[in-house]
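S.K.: Structure below; questions to follow.
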Amino acid sequence: MLIGAGTFHDPELPDIPAVRTNLEDLRQVLTHPVHGLFEADHCQTLADPADQAAVGVALTAAVREAEDLLLVYYCGHGVLDDTGALHFALTGTNAEHVGFSAIHVDLVKRMVGSARAKARVLLLDCCFSGQAVTVMSDRRRLALGQLDLTGTYTLTSTPANSLSHAPLGARNTAFTGALLNALRAPGPLTLDEIHRHVDRELIGRGFPRPQRRSVGSAGNLTVTRGPSKPPPPPASRPATSRSGKKPSSATAKTGRALLAMLPLALLQGSTYVPQAPESFLDAPRVVAGVWRDEGNRIDGPDSSYNEDVIKELLDFAGFKREITYRKVAREDAINTVTREEVHIAGTLGITPSREREVDFVGPLASSRLGVLVARRNKYIKKISDLSGKRVCAIVGSTTGNSLLQAEKRAQIFVAESLDDCLPKLWSGVVDAIVGDRLTLAGMQLTMQEETKLVASIRFGHLESTGFAIPKGDHDTCERLRIALQKYVSSQNWRERFSERLPVKEDILEALPTSEEIDEMSCRAGAAG
């Protein structure tokens, strides 16, 4: 069941003519006799529902009957009430009384969450800015934060701050147009692959990036069997008259699709998919820039943590060919990427200055600053214990300043690298070493008899690390971003960082969320 609201009584909610053709085209693709996954009577549409009751009847029936797959799609205006609560607009919605005339997101979450279907998918094509909100400063995070639903795959476009993204006469809104292009591509495509396709098209057209939320292996689900021929362009503006035919009730229960309520921002329609350059992921060999990391693996001095995580990332990206590891200096790693001497380098801190030169895929992990001391040291247990103590930091980094903000009486000694700090620690020139806890924990891992990471000292901003690739290869970056999503939710990541970070709080802090990876990956390429 596809639900879309494209005509509205309230003048504050502009009509969206493309909604009706969105419903028609999605139904045609999903029920295609050869390439579609659903029987025609398993895919209902509800155009321009007048009130909450009309949606409630349709949604209740679909939730009750779905056993294998419940797919819910909504296109229309997403509106926020004066408390910031997200609602889905209907034809009769009054912008001044959203709570009484639109569908509250919690109602949809409660109903979909109660479905017995093995898989649940939400596709949302709407904007979140139809109602002014003064009590919150970030509408996008406010709206997206209300869409969490355990066991459900949600795909939604980034909300916009205006309503002028569906020009009169466009057959489809931009997001649904890109979604249709993905569904018609040679396939079938998984939901994660559909997201990548949609993301690439919208970014290529200069539109905001779509968002996804996935639980478990839902991203591997397919919703079509392959491509279907797109319909010819209309000779005139799509009709706005509503059919009076009552939707037939489904008799078969397995695999019913409810295309009901999901916001995907209303953007200008598009059918153009930019051609990506040849990806190094399709080459016979990948050259990876690595260095002797201070946090080597436990099984040998020459085994680099950076080699491990690059190999695992490429494994999840489906790269099974040769990887050549090129030793580079950490401080020259970005230059080796920009000169295209290596295809990928990692791991590096993700900073604005670096993002101006390369694309990042990340975060792989995040950490705050910490303190490493000699194992015999029993006096430094908290940040105030560094008062008057000599602490080694890397020259040119911000760690020394961050420490002085936390404990202004610490004495900072600088060195070229953390490795150069170690002799100073052994000789007593300094009492401690300051750096990010992820790196310091790795140093402790290889020198367990001589050093210890102070468990209770954790300060400064959360810093994220990721993989650097040449700027502008957006297709490769998106493929690696999806691979990273899989990596961080796998046992591989847990084993790697459980070994590296013995403190439970560090592991919890290190693990990135799906939203953080979506937000921080591929930003340089998008900014162009």
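All residue names refer to the structure tokens as shown: chains lettered A, B, ... in order, residues numbered from 1 in each chain, ligands numbered from 1 in order.
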Residues near Phe467 of chain A, anyone? I mean within 9 Å using only C-alpha atoms, not counting same-chain ones fewer than 2 positions away, as a PyMOL selection string.
M.R.: chain A and resi 310+344-350+359-364+465+469
S.K.: Taking only C-alpha atoms into account, name the residue in A:Ala483, A:Ala117, A:Ile3, A:Val373 that is nearest to Val57 of chain A.
M.R.: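 Using only C-alpha atoms, the shortest distance to Val57 of chain A belongs to A:Ile3.
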S.K.: If we count only C-alpha atoms, what is near Val112 of chain A at a cut-off of 10 Å, once residues fewer than 2 positions away on the same chain are taken out, given as a PDB file with N, CA, C and O atoms, in the first residue's frame?
M.R.:
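Saved file out-v7.pdb follows:
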```pdb
ATOM      1  N   LEU A  59      -3.397   1.129   7.119  1.00  0.00           N
ATOM      2  CA  LEU A  59      -2.192   0.698   7.807  1.00  0.00           C
ATOM      3  C   LEU A  59      -2.461  -0.519   8.688  1.00  0.00           C
ATOM      4  O   LEU A  59      -1.665  -1.463   8.729  1.00  0.00           O
ATOM      5  N   THR A  60      -3.581  -0.519   9.379  1.00  0.00           N
ATOM      6  CA  THR A  60      -3.929  -1.645  10.247  1.00  0.00           C
ATOM      7  C   THR A  60      -4.067  -2.935   9.448  1.00  0.00           C
ATOM      8  O   THR A  60      -3.571  -3.999   9.857  1.00  0.00           O
ATOM      9  N   ALA A  62      -2.692  -3.732   6.542  1.00  0.00           N
ATOM     10  CA  ALA A  62      -1.403  -4.178   6.038  1.00  0.00           C
ATOM     11  C   ALA A  62      -0.546  -4.776   7.145  1.00  0.00           C
ATOM     12  O   ALA A  62       0.109  -5.798   6.959  1.00  0.00           O
ATOM     13  N   VAL A  63      -0.530  -4.137   8.302  1.00  0.00           N
ATOM     14  CA  VAL A  63       0.243  -4.641   9.436  1.00  0.00           C
ATOM     15  C   VAL A  63      -0.267  -6.009   9.863  1.00  0.00           C
ATOM     16  O   VAL A  63       0.498  -6.920  10.176  1.00  0.00           O
ATOM     17  N   ARG A  64      -1.578  -6.173   9.858  1.00  0.00           N
ATOM     18  CA  ARG A  64      -2.183  -7.441  10.285  1.00  0.00           C
ATOM     19  C   ARG A  64      -1.878  -8.574   9.306  1.00  0.00           C
ATOM     20  O   ARG A  64      -1.636  -9.708   9.716  1.00  0.00           O
ATOM     21  N   LEU A  70       6.818  -6.240   5.211  1.00  0.00           N
ATOM     22  CA  LEU A  70       5.948  -5.069   5.336  1.00  0.00           C
ATOM     23  C   LEU A  70       6.747  -3.873   4.828  1.00  0.00           C
ATOM     24  O   LEU A  70       7.752  -3.488   5.426  1.00  0.00           O
ATOM     25  N   LEU A  71       6.334  -3.319   3.692  1.00  0.00           N
ATOM     26  CA  LEU A  71       7.039  -2.181   3.113  1.00  0.00           C
ATOM     27  C   LEU A  71       6.102  -0.979   3.156  1.00  0.00           C
ATOM     28  O   LEU A  71       5.008  -1.026   2.611  1.00  0.00           O
ATOM     29  N   VAL A  72       6.518   0.064   3.812  1.00  0.00           N
ATOM     30  CA  VAL A  72       5.679   1.232   4.062  1.00  0.00           C
ATOM     31  C   VAL A  72       6.285   2.454   3.381  1.00  0.00           C
ATOM     32  O   VAL A  72       7.442   2.773   3.613  1.00  0.00           O
ATOM     33  N   ASP A 106       4.878   8.562  16.145  1.00  0.00           N
ATOM     34  CA  ASP A 106       4.822   7.490  17.130  1.00  0.00           C
ATOM     35  C   ASP A 106       3.723   6.483  16.820  1.00  0.00           C
ATOM     36  O   ASP A 106       3.838   5.293  17.128  1.00  0.00           O
ATOM     37  N   LEU A 107       2.610   6.954  16.227  1.00  0.00           N
ATOM     38  CA  LEU A 107       1.528   6.049  15.848  1.00  0.00           C
ATOM     39  C   LEU A 107       2.009   5.071  14.780  1.00  0.00           C
ATOM     40  O   LEU A 107       1.730   3.864  14.850  1.00  0.00           O
ATOM     41  N   VAL A 108       2.728   5.589  13.791  1.00  0.00           N
ATOM     42  CA  VAL A 108       3.258   4.728  12.736  1.00  0.00           C
ATOM     43  C   VAL A 108       4.268   3.748  13.319  1.00  0.00           C
ATOM     44  O   VAL A 108       4.244   2.546  13.022  1.00  0.00           O
ATOM     45  N   LYS A 109       5.168   4.229  14.165  1.00  0.00           N
ATOM     46  CA  LYS A 109       6.171   3.361  14.768  1.00  0.00           C
ATOM     47  C   LYS A 109       5.523   2.265  15.604  1.00  0.00           C
ATOM     48  O   LYS A 109       5.949   1.099  15.560  1.00  0.00           O
ATOM     49  N   ARG A 110       4.488   2.619  16.351  1.00  0.00           N
ATOM     50  CA  ARG A 110       3.823   1.627  17.194  1.00  0.00           C
ATOM     51  C   ARG A 110       3.148   0.545  16.363  1.00  0.00           C
ATOM     52  O   ARG A 110       3.244  -0.648  16.661  1.00  0.00           O
ATOM     53  N   SER A 114       4.575  -3.436  15.747  1.00  0.00           N
ATOM     54  CA  SER A 114       3.791  -4.583  16.208  1.00  0.00           C
ATOM     55  C   SER A 114       3.567  -5.618  15.115  1.00  0.00           C
ATOM     56  O   SER A 114       2.990  -6.673  15.358  1.00  0.00           O
ATOM     57  N   ALA A 115       4.018  -5.346  13.890  1.00  0.00           N
ATOM     58  CA  ALA A 115       3.801  -6.269  12.772  1.00  0.00           C
ATOM     59  C   ALA A 115       4.585  -7.552  12.985  1.00  0.00           C
ATOM     60  O   ALA A 115       5.699  -7.545  13.515  1.00  0.00           O
ATOM     61  N   ARG A 116       4.016  -8.660  12.554  1.00  0.00           N
ATOM     62  CA  ARG A 116       4.690  -9.950  12.667  1.00  0.00           C
ATOM     63  C   ARG A 116       5.584 -10.232  11.469  1.00  0.00           C
ATOM     64  O   ARG A 116       6.253 -11.259  11.420  1.00  0.00           O
ATOM     65  N   ALA A 117       5.584  -9.350  10.480  1.00  0.00           N
ATOM     66  CA  ALA A 117       6.410  -9.544   9.287  1.00  0.00           C
ATOM     67  C   ALA A 117       7.877  -9.719   9.669  1.00  0.00           C
ATOM     68  O   ALA A 117       8.383  -9.037  10.563  1.00  0.00           O
ATOM     69  N   ARG A 120      10.754  -5.395   7.762  1.00  0.00           N
ATOM     70  CA  ARG A 120       9.948  -4.173   7.706  1.00  0.00           C
ATOM     71  C   ARG A 120      10.794  -3.058   7.100  1.00  0.00           C
ATOM     72  O   ARG A 120      11.930  -2.857   7.498  1.00  0.00           O
ATOM     73  N   VAL A 121      10.212  -2.367   6.134  1.00  0.00           N
ATOM     74  CA  VAL A 121      10.931  -1.324   5.407  1.00  0.00           C
ATOM     75  C   VAL A 121      10.094  -0.057   5.396  1.00  0.00           C
ATOM     76  O   VAL A 121       8.899  -0.104   5.099  1.00  0.00           O
ATOM     77  N   LEU A 122      10.711   1.068   5.722  1.00  0.00           N
ATOM     78  CA  LEU A 122      10.063   2.380   5.655  1.00  0.00           C
ATOM     79  C   LEU A 122      10.776   3.229   4.605  1.00  0.00           C
ATOM     80  O   LEU A 122      11.982   3.395   4.647  1.00  0.00           O
ATOM     81  N   LEU A 149      13.356   2.619  14.791  1.00  0.00           N
ATOM     82  CA  LEU A 149      12.376   1.565  14.998  1.00  0.00           C
ATOM     83  C   LEU A 149      13.102   0.237  14.890  1.00  0.00           C
ATOM     84  O   LEU A 149      13.578  -0.143  13.822  1.00  0.00           O
ATOM     85  N   THR A 152      13.796  -2.513  11.748  1.00  0.00           N
ATOM     86  CA  THR A 152      13.235  -1.907  10.541  1.00  0.00           C
ATOM     87  C   THR A 152      14.325  -1.195   9.751  1.00  0.00           C
ATOM     88  O   THR A 152      15.209  -0.570  10.325  1.00  0.00           O
ATOM     89  N   LEU A 258       3.178  -2.944   2.218  1.00  0.00           N
ATOM     90  CA  LEU A 258       2.485  -1.706   2.564  1.00  0.00           C
ATOM     91  C   LEU A 258       3.438  -0.578   2.242  1.00  0.00           C
ATOM     92  O   LEU A 258       4.450  -0.413   2.879  1.00  0.00           O
ATOM     93  N   MET A 261       4.163   4.971   4.990  1.00  0.00           N
ATOM     94  CA  MET A 261       4.569   6.255   5.510  1.00  0.00           C
ATOM     95  C   MET A 261       6.058   6.348   5.765  1.00  0.00           C
ATOM     96  O   MET A 261       6.539   5.806   6.690  1.00  0.00           O
TER      97      MET A 261
END
```
S.K.: Nearest to Ala89 of chain A among A:Ala5, A:Leu37, A:Val29, A:Leu183, with distances taken over only C-alpha atoms: which residue is it?
M.R.: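 The closest residue to Ala89 of chain A is A:Ala5.
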S.K.: Would you work out the distance separating atom CA of Arg368 of chain A from atom CA of Ser456 of chain A, expressed in Å to one decimal?
M.R.: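 For atom CA of Arg368 of chain A relative to atom CA of Ser456 of chain A, the distance reads 11.9 Å.
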S.K.: One decimal, Å: what's the distance from atom CA of Asp48 of chain A over to atom CA of Gly6 of chain A, could you say?
M.R.: 6.1 Å
S.K.: For a quick check of understanding, using only C-alpha atoms, which of A:Cys421, A:Leu369, A:Ile482, A:Leu501 has the smallest distance to Glu193 of chain A?
M.R.: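 With only C-alpha atoms as the atom set, the closest residue is A:Ile482.
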S.K.: What's the separation between atom CA of Thr476 of chain A and atom CA of Thr439 of chain A, in Å to one decimal place?
M.R.: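 If I compute the distance from atom CA of Thr476 of chain A to atom CA of Thr439 of chain A, I get 27.5 Å.
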S.K.: Write out as an mmCIF file with N, CA, C and O atoms, in the first residue's frame each polymer residue whose atoms come within 9 Å of segment 503-519 of chain A, counting only C-alpha atoms; drop sequence neighbours fewer than 2 positions from it.
M.R.:
```cif
data_model
loop_
_atom_site.group_PDB
_atom_site.id
_atom_site.type_symbol
_atom_site.label_atom_id
_atom_site.label_comp_id
_atom_site.auth_asym_id
_atom_site.auth_seq_id
_atom_site.Cartn_x
_atom_site.Cartn_y
_atom_site.Cartn_z
ATOM 1 N N ARG A 209 22.034 14.726 0.841
ATOM 2 C CA ARG A 209 22.272 13.285 0.907
ATOM 3 C C ARG A 209 21.130 12.562 1.617
ATOM 4 O O ARG A 209 20.693 12.968 2.690
ATOM 5 N N GLN A 211 19.323 9.637 3.885
ATOM 6 C CA GLN A 211 19.749 8.995 5.120
ATOM 7 C C GLN A 211 19.176 7.581 5.190
ATOM 8 O O GLN A 211 18.121 7.297 4.650
ATOM 9 N N ARG A 212 19.870 6.696 5.897
ATOM 10 C CA ARG A 212 19.376 5.339 6.098
ATOM 11 C C ARG A 212 19.588 4.932 7.549
ATOM 12 O O ARG A 212 20.522 5.383 8.204
ATOM 13 N N ARG A 213 18.695 4.095 8.022
ATOM 14 C CA ARG A 213 18.857 3.473 9.330
ATOM 15 C C ARG A 213 18.552 2.005 9.161
ATOM 16 O O ARG A 213 17.496 1.643 8.655
ATOM 17 N N SER A 214 19.489 1.151 9.574
ATOM 18 C CA SER A 214 19.329 -0.276 9.339
ATOM 19 C C SER A 214 19.662 -1.035 10.603
ATOM 20 O O SER A 214 20.563 -0.649 11.352
ATOM 21 N N VAL A 361 36.483 7.989 4.551
ATOM 22 C CA VAL A 361 35.460 7.015 4.898
ATOM 23 C C VAL A 361 35.621 6.745 6.386
ATOM 24 O O VAL A 361 36.671 6.283 6.836
ATOM 25 N N GLY A 362 34.606 7.061 7.148
ATOM 26 C CA GLY A 362 34.739 6.912 8.590
ATOM 27 C C GLY A 362 33.549 7.510 9.315
ATOM 28 O O GLY A 362 32.607 8.006 8.691
ATOM 29 N N PRO A 363 33.588 7.442 10.636
ATOM 30 C CA PRO A 363 34.729 6.957 11.416
ATOM 31 C C PRO A 363 34.764 5.436 11.554
ATOM 32 O O PRO A 363 33.726 4.787 11.638
ATOM 33 N N LEU A 364 35.984 4.908 11.549
ATOM 34 C CA LEU A 364 36.188 3.516 11.938
ATOM 35 C C LEU A 364 36.070 3.399 13.445
ATOM 36 O O LEU A 364 35.529 2.430 13.979
ATOM 37 N N ALA A 365 36.594 4.399 14.144
ATOM 38 C CA ALA A 365 36.528 4.424 15.605
ATOM 39 C C ALA A 365 36.745 5.855 16.065
ATOM 40 O O ALA A 365 37.252 6.699 15.317
ATOM 41 N N SER A 366 36.352 6.130 17.297
ATOM 42 C CA SER A 366 36.523 7.456 17.878
ATOM 43 C C SER A 366 37.063 7.302 19.294
ATOM 44 O O SER A 366 36.831 6.286 19.956
ATOM 45 N N SER A 367 37.776 8.311 19.743
ATOM 46 C CA SER A 367 38.306 8.259 21.114
ATOM 47 C C SER A 367 38.595 9.663 21.613
ATOM 48 O O SER A 367 38.710 10.605 20.830
ATOM 49 N N ARG A 368 38.711 9.772 22.905
ATOM 50 C CA ARG A 368 39.117 11.023 23.540
ATOM 51 C C ARG A 368 40.606 10.927 23.881
ATOM 52 O O ARG A 368 41.267 9.941 23.594
ATOM 53 N N ARG A 437 43.356 8.057 23.193
ATOM 54 C CA ARG A 437 43.361 6.804 23.941
ATOM 55 C C ARG A 437 43.460 5.588 23.018
ATOM 56 O O ARG A 437 44.004 4.553 23.400
ATOM 57 N N LEU A 438 42.942 5.701 21.811
ATOM 58 C CA LEU A 438 43.002 4.583 20.875
ATOM 59 C C LEU A 438 44.452 4.248 20.535
ATOM 60 O O LEU A 438 44.857 3.083 20.543
ATOM 61 N N ALA A 455 43.286 4.333 33.234
ATOM 62 C CA ALA A 455 41.894 4.043 32.881
ATOM 63 C C ALA A 455 40.955 5.210 33.170
ATOM 64 O O ALA A 455 39.981 5.426 32.443
ATOM 65 N N LEU A 462 35.809 14.255 21.430
ATOM 66 C CA LEU A 462 35.851 12.951 20.783
ATOM 67 C C LEU A 462 36.423 13.129 19.373
ATOM 68 O O LEU A 462 35.891 13.883 18.563
ATOM 69 N N SER A 464 37.683 11.403 15.712
ATOM 70 C CA SER A 464 37.350 10.259 14.868
ATOM 71 C C SER A 464 38.460 9.976 13.878
ATOM 72 O O SER A 464 39.089 10.892 13.344
ATOM 73 N N ARG A 481 31.911 3.280 2.092
ATOM 74 C CA ARG A 481 31.069 3.688 3.228
ATOM 75 C C ARG A 481 30.098 2.565 3.612
ATOM 76 O O ARG A 481 29.907 2.264 4.796
ATOM 77 N N ILE A 482 29.485 1.956 2.610
ATOM 78 C CA ILE A 482 28.568 0.842 2.883
ATOM 79 C C ILE A 482 29.335 -0.335 3.487
ATOM 80 O O ILE A 482 28.858 -1.003 4.410
ATOM 81 N N LEU A 484 32.009 -0.091 5.309
ATOM 82 C CA LEU A 484 32.336 0.267 6.688
ATOM 83 C C LEU A 484 31.134 0.055 7.600
ATOM 84 O O LEU A 484 31.287 -0.367 8.752
ATOM 85 N N GLN A 485 29.935 0.352 7.117
ATOM 86 C CA GLN A 485 28.729 0.098 7.906
ATOM 87 C C GLN A 485 28.673 -1.376 8.309
ATOM 88 O O GLN A 485 28.343 -1.722 9.456
ATOM 89 N N VAL A 488 31.723 -2.275 10.965
ATOM 90 C CA VAL A 488 31.600 -1.874 12.368
ATOM 91 C C VAL A 488 30.492 -2.626 13.100
ATOM 92 O O VAL A 488 30.457 -2.638 14.326
ATOM 93 N N SER A 489 29.569 -3.251 12.356
ATOM 94 C CA SER A 489 28.519 -4.035 13.006
ATOM 95 C C SER A 489 28.865 -5.519 13.058
ATOM 96 O O SER A 489 28.038 -6.332 13.478
ATOM 97 N N TRP A 493 35.024 -6.311 13.805
ATOM 98 C CA TRP A 493 35.314 -5.045 14.483
ATOM 99 C C TRP A 493 35.410 -5.263 15.991
ATOM 100 O O TRP A 493 36.332 -4.762 16.640
ATOM 101 N N ARG A 494 34.475 -6.020 16.546
ATOM 102 C CA ARG A 494 34.471 -6.241 17.996
ATOM 103 C C ARG A 494 35.736 -6.951 18.449
ATOM 104 O O ARG A 494 36.322 -6.598 19.479
ATOM 105 N N PHE A 497 38.842 -4.465 18.193
ATOM 106 C CA PHE A 497 38.925 -3.393 19.176
ATOM 107 C C PHE A 497 38.823 -3.900 20.615
ATOM 108 O O PHE A 497 39.243 -3.210 21.533
ATOM 109 N N SER A 498 38.298 -5.081 20.807
ATOM 110 C CA SER A 498 38.354 -5.680 22.145
ATOM 111 C C SER A 498 39.795 -6.010 22.493
ATOM 112 O O SER A 498 40.213 -5.905 23.649
ATOM 113 N N ARG A 500 42.374 -4.367 21.215
ATOM 114 C CA ARG A 500 43.118 -3.103 21.269
ATOM 115 C C ARG A 500 42.699 -2.235 22.454
ATOM 116 O O ARG A 500 43.521 -1.499 23.012
ATOM 117 N N LEU A 501 41.432 -2.305 22.837
ATOM 118 C CA LEU A 501 40.911 -1.448 23.904
ATOM 119 C C LEU A 501 40.391 -2.326 25.043
ATOM 120 O O LEU A 501 39.240 -2.753 25.033
ATOM 121 N N SER A 521 31.311 10.425 6.239
ATOM 122 C CA SER A 521 31.959 9.831 5.074
ATOM 123 C C SER A 521 31.693 10.638 3.805
ATOM 124 O O SER A 521 30.603 11.189 3.624
ATOM 125 N N CYS A 522 32.695 10.698 2.948
ATOM 126 C CA CYS A 522 32.549 11.226 1.587
ATOM 127 C C CYS A 522 32.131 12.692 1.550
ATOM 128 O O CYS A 522 31.544 13.144 0.563
ATOM 129 N N ARG A 523 32.423 13.439 2.579
ATOM 130 C CA ARG A 523 32.008 14.841 2.597
ATOM 131 C C ARG A 523 32.844 15.694 1.661
ATOM 132 O O ARG A 523 32.339 16.641 1.066
#
```
S.K.: Which residue, A:Leu23, A:Leu404, A:Val79, A:Val342, has the smallest gap to Thr93 of chain A when you use only C-alpha atoms?
M.R.: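 Ranked by minimum distance to Thr93 of chain A, first place goes to A:Val79.
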S.K.: As a VMD selection string, please: every residue in segment 402-502 of chain A that a backbone DSSP assignment puts in alpha helix (DSSP H).
M.R.: chain A and resid 402 to 406 418 to 427 437 to 446 474 to 488 491 to 500
S.K.: Can I get the selection written as a tab-separated table (two decimals), in the first residue's frame, with C-alpha atoms?
M.R.:
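Output saved as selection23.tsv:
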```tsv
chain	number	residue	atom	x	y	z
A	402	SER	CA	43.84	20.33	25.42
A	403	LEU	CA	45.72	19.02	28.43
A	404	LEU	CA	46.47	22.53	29.64
A	405	GLN	CA	42.78	23.35	29.42
A	406	ALA	CA	42.07	20.37	31.67
A	418	LEU	CA	54.81	9.31	20.29
A	419	ASP	CA	57.63	6.83	19.66
A	420	ASP	CA	60.04	9.68	20.43
A	421	CYS	CA	58.21	10.26	23.70
A	422	LEU	CA	58.99	6.75	24.95
A	423	PRO	CA	62.73	7.26	25.64
A	424	LYS	CA	61.84	10.39	27.59
A	425	LEU	CA	59.40	8.31	29.66
A	426	TRP	CA	61.97	5.55	30.34
A	427	SER	CA	64.68	8.02	31.30
A	437	ARG	CA	43.36	6.80	23.94
A	438	LEU	CA	43.00	4.58	20.87
A	439	THR	CA	46.67	5.05	19.95
A	440	LEU	CA	47.91	4.92	23.53
A	441	ALA	CA	45.99	1.69	24.11
A	442	GLY	CA	47.78	0.23	21.10
A	443	MET	CA	51.14	1.26	22.57
A	444	GLN	CA	50.22	-0.40	25.83
A	445	LEU	CA	49.25	-3.54	23.89
A	446	THR	CA	52.80	-3.97	22.57
A	474	HIS	CA	32.37	9.44	-5.10
A	475	ASP	CA	31.32	5.99	-6.33
A	476	THR	CA	34.29	4.30	-4.64
A	477	CYS	CA	33.77	6.34	-1.49
A	478	GLU	CA	30.13	5.28	-1.28
A	479	ARG	CA	31.01	1.63	-1.80
A	480	LEU	CA	33.55	1.85	1.01
A	481	ARG	CA	31.07	3.69	3.23
A	482	ILE	CA	28.57	0.84	2.88
A	483	ALA	CA	31.39	-1.65	3.53
A	484	LEU	CA	32.34	0.27	6.69
A	485	GLN	CA	28.73	0.10	7.91
A	486	LYS	CA	28.96	-3.70	7.63
A	487	TYR	CA	32.42	-3.80	9.19
A	488	VAL	CA	31.60	-1.87	12.37
A	491	GLN	CA	32.32	-9.60	14.91
A	492	ASN	CA	35.54	-8.59	13.13
A	493	TRP	CA	35.31	-5.05	14.48
A	494	ARG	CA	34.47	-6.24	18.00
A	495	GLU	CA	37.39	-8.67	18.05
A	496	ARG	CA	39.83	-6.10	16.67
A	497	PHE	CA	38.92	-3.39	19.18
A	498	SER	CA	38.35	-5.68	22.15
A	499	GLU	CA	41.99	-6.69	21.68
A	500	ARG	CA	43.12	-3.10	21.27
```
S.K.: Please identify which residues in segment 342-454 of chain A DSSP calls strand (DSSP E) from the backbone, and express them as JSON, numbers by chain.
M.R.: {"A": [344, 345, 346, 347, 348, 349, 358, 359, 360, 361, 362, 363, 364, 365, 366, 367, 368, 369, 370, 371, 372, 373, 374, 390, 391, 392, 393, 394, 411, 412, 413, 414, 415, 432, 433, 434, 435, 436, 451, 452, 453]}
